[in-house]
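Trainee: My structure file input.pdb, PDB, C-alpha atoms, pLDDT in the B column, is below:
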```pdb
MODEL        1
ATOM      1  CA  MET A 259     164.465 126.518 100.042  1.00 47.00           C
ATOM      2  CA  THR A 260     164.478 123.199 101.861  1.00 50.00           C
ATOM      3  CA  ASP A 261     161.393 122.683 103.972  1.00 55.00           C
ATOM      4  CA  PRO A 262     162.513 121.290 107.357  1.00 55.00           C
ATOM      5  CA  GLN A 263     159.201 119.449 107.604  1.00 56.00           C
ATOM      6  CA  ALA A 264     159.546 117.755 104.205  1.00 61.00           C
ATOM      7  CA  ASN A 265     161.133 114.533 105.444  1.00 67.00           C
ATOM      8  CA  TYR A 266     158.781 114.496 108.400  1.00 62.00           C
ATOM      9  CA  LEU A 267     155.888 114.633 105.959  1.00 60.00           C
ATOM     10  CA  LYS A 268     157.479 111.928 103.838  1.00 67.00           C
ATOM     11  CA  ASN A 269     157.606 109.614 106.848  1.00 67.00           C
ATOM     12  CA  THR A 270     154.135 110.351 108.169  1.00 66.00           C
ATOM     13  CA  ALA A 271     152.022 110.734 105.020  1.00 69.00           C
ATOM     14  CA  PRO A 272     151.712 107.402 103.194  1.00 70.00           C
ATOM     15  CA  GLU A 273     149.932 109.075 100.267  1.00 76.00           C
ATOM     16  CA  LEU A 274     153.206 110.815  99.417  1.00 81.00           C
ATOM     17  CA  GLN A 275     154.834 107.433  98.992  1.00 85.00           C
ATOM     18  CA  ASP A 276     152.064 106.227  96.704  1.00 86.00           C
ATOM     19  CA  ARG A 277     152.120 109.443  94.656  1.00 85.00           C
ATOM     20  CA  PHE A 278     155.907 109.253  94.321  1.00 86.00           C
ATOM     21  CA  VAL A 279     155.814 105.635  93.093  1.00 90.00           C
ATOM     22  CA  ASN A 280     152.968 106.341  90.653  1.00 90.00           C
ATOM     23  CA  VAL A 281     154.683 109.405  89.191  1.00 88.00           C
ATOM     24  CA  LEU A 282     157.938 107.517  88.658  1.00 91.00           C
ATOM     25  CA  LYS A 283     156.182 104.475  87.157  1.00 93.00           C
ATOM     26  CA  ASN A 284     154.899 106.755  84.399  1.00 92.00           C
ATOM     27  CA  MET A 285     158.328 108.183  83.569  1.00 91.00           C
ATOM     28  CA  ALA A 286     160.288 106.336  80.885  1.00 93.00           C
ATOM     29  CA  ALA A 287     163.532 106.509  82.880  1.00 91.00           C
ATOM     30  CA  PHE A 288     161.980 104.689  85.854  1.00 93.00           C
ATOM     31  CA  SER A 289     159.222 102.593  84.259  1.00 93.00           C
ATOM     32  CA  GLN A 290     161.238  99.358  84.285  1.00 96.00           C
ATOM     33  CA  LEU A 291     161.910  99.482  88.028  1.00 96.00           C
ATOM     34  CA  SER A 292     159.888  97.334  90.400  1.00 96.00           C
ATOM     35  CA  ASP A 293     157.645  98.865  93.056  1.00 93.00           C
ATOM     36  CA  GLU A 294     160.201  97.836  95.682  1.00 94.00           C
ATOM     37  CA  GLN A 295     162.993  99.641  93.831  1.00 95.00           C
ATOM     38  CA  LEU A 296     160.820 102.738  93.523  1.00 93.00           C
ATOM     39  CA  LEU A 297     160.039 102.554  97.231  1.00 89.00           C
ATOM     40  CA  GLN A 298     163.764 102.370  97.919  1.00 90.00           C
ATOM     41  CA  LEU A 299     164.233 105.554  95.883  1.00 89.00           C
ATOM     42  CA  PHE A 300     161.473 107.149  97.953  1.00 86.00           C
ATOM     43  CA  ARG A 301     163.206 106.185 101.193  1.00 82.00           C
ATOM     44  CA  TYR A 302     166.480 107.783 100.062  1.00 82.00           C
ATOM     45  CA  SER A 303     164.818 110.895  98.652  1.00 83.00           C
ATOM     46  CA  LYS A 304     164.793 114.308 100.233  1.00 79.00           C
ATOM     47  CA  PHE A 305     161.794 116.446  99.506  1.00 77.00           C
ATOM     48  CA  VAL A 306     162.133 120.139  98.713  1.00 76.00           C
ATOM     49  CA  LYS A 307     159.235 122.547  98.825  1.00 76.00           C
ATOM     50  CA  LEU A 308     159.672 125.716  96.819  1.00 79.00           C
ATOM     51  CA  ALA A 309     157.806 128.988  97.048  1.00 82.00           C
ATOM     52  CA  ASN A 310     157.106 131.219  94.047  1.00 84.00           C
ATOM     53  CA  GLN A 311     160.315 132.662  92.646  1.00 84.00           C
ATOM     54  CA  ASP A 312     162.549 130.121  94.472  1.00 86.00           C
ATOM     55  CA  ARG A 313     165.223 128.493  92.316  1.00 82.00           C
ATOM     56  CA  LEU A 314     166.528 124.956  92.469  1.00 80.00           C
ATOM     57  CA  ILE A 315     169.688 125.795  90.603  1.00 81.00           C
ATOM     58  CA  LYS A 316     170.969 128.845  88.763  1.00 83.00           C
ATOM     59  CA  GLN A 317     171.175 128.579  84.976  1.00 85.00           C
ATOM     60  CA  GLY A 318     174.652 127.382  84.060  1.00 87.00           C
ATOM     61  CA  GLY A 319     175.182 126.018  87.558  1.00 83.00           C
ATOM     62  CA  TYR A 320     176.271 122.504  88.404  1.00 82.00           C
ATOM     63  CA  ASP A 321     174.642 120.062  90.783  1.00 79.00           C
ATOM     64  CA  GLN A 322     174.971 116.321  91.411  1.00 83.00           C
ATOM     65  CA  ILE A 323     171.389 115.980  92.590  1.00 81.00           C
ATOM     66  CA  VAL A 324     168.561 114.606  90.461  1.00 80.00           C
ATOM     67  CA  TYR A 325     165.339 116.543  90.895  1.00 80.00           C
ATOM     68  CA  ILE A 326     161.939 115.044  90.120  1.00 80.00           C
ATOM     69  CA  LEU A 327     158.910 117.290  90.078  1.00 78.00           C
ATOM     70  CA  ILE A 328     156.058 115.536  91.890  1.00 74.00           C
ATOM     71  CA  GLN A 329     153.575 118.386  91.946  1.00 75.00           C
ATOM     72  CA  GLY A 330     153.396 121.868  90.460  1.00 79.00           C
ATOM     73  CA  ARG A 331     155.440 123.373  87.669  1.00 77.00           C
ATOM     74  CA  LEU A 332     158.840 124.913  87.134  1.00 73.00           C
TER      75      LEU A 332
ENDMDL
END
```
Reformat the file's structure so that it appears as structure tokens.

Mentor:
Amino acid sequence: MTDPQANYLKNTAPELQDRFVNVLKNMAAFSQLSDEQLLQLFRYSKFVKLANQDRLIKQGGYDQIVYILIQGRL
């Protein structure tokens, strides 16, 4: 489920950073944060790339991770 290249891509593709910040700016939960705070969230984030039929978490399961969909649909 976790793409080993995801964090490599995060660190080498500046457009991912911009997309991440812009997506979060438009979400009510994050809209009051400054660009610097959103960039800090980006730096601490781990990206996960899913294939069709992959699951983040099983229904009824428990996880302490917050997932934010940047692209695609669930």

Trainee: For Phe288 in chain A, list every protein, DNA or RNA residue within 12 Å, evaluated using all atoms listed in the file, and leave out those in the same chain fewer than 4 positions away; present the list as a ChimeraX atom specification.

Mentor: /A:278-284,292-293,295-297,299,326

Trainee: Pick from A:Glu294, A:Ala287, A:Glu273, A:Leu332: nearest to Leu314 in chain A, with only C-alpha atoms counted?

Mentor: A:Leu332

Trainee: Of the candidates A:Ala286, A:Arg277, A:Val324, A:Gly330, which one gets nearest to Lys304 in chain A if we count only C-alpha atoms?

Mentor: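 Checking each candidate against Lys304 in chain A, we get A:Val324 as the closest.
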
Trainee: Please compute the CA of Gln298 in chain A-CA of Lys316 in chain A distance, one decimal, in Å.

Mentor: 28.9 Å

Trainee: Measuring atom to atom with all atoms listed in the file, identify which of A:Gln329, A:Gln275, A:Gln322, A:Gln317 is nearest to Arg301 in chain A.

Mentor: A:Gln275

Trainee: Counting only C-alpha atoms, which residue out of A:Leu291, A:Leu327, A:Leu274, A:Met285 sits closest to Val306 in chain A?

Mentor: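 Comparing A:Leu291, A:Leu327, A:Leu274, A:Met285 against Val306 in chain A, the winner is A:Leu327.
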
Trainee: In Å, rounded to a single decimal, give me how far CA of Ser303 in chain A is from CA of Asp321 in chain A.

Mentor: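 Computing it gives 15.6 Å between the two atoms.
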
Trainee: Record the distance separating CA of Gln311 in chain A and CA of Pro272 in chain A, expressed in Å with one decimal.

Mentor: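 Computing the Euclidean distance for CA of Gln311 in chain A and CA of Pro272 in chain A yields 28.7 Å.
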
Trainee: Once you add 6 Å to each side, what are the centre and edge lengths of the axis-aligned box holding all listed atoms of range 299-311 of chain A? One decimal in Å, as lines of an AutoDock Vina configuration file, if you can.

Mentor:
```
center_x = 161.8
center_y = 119.1
center_z = 96.9
size_x = 21.4
size_y = 39.1
size_z = 20.5
```
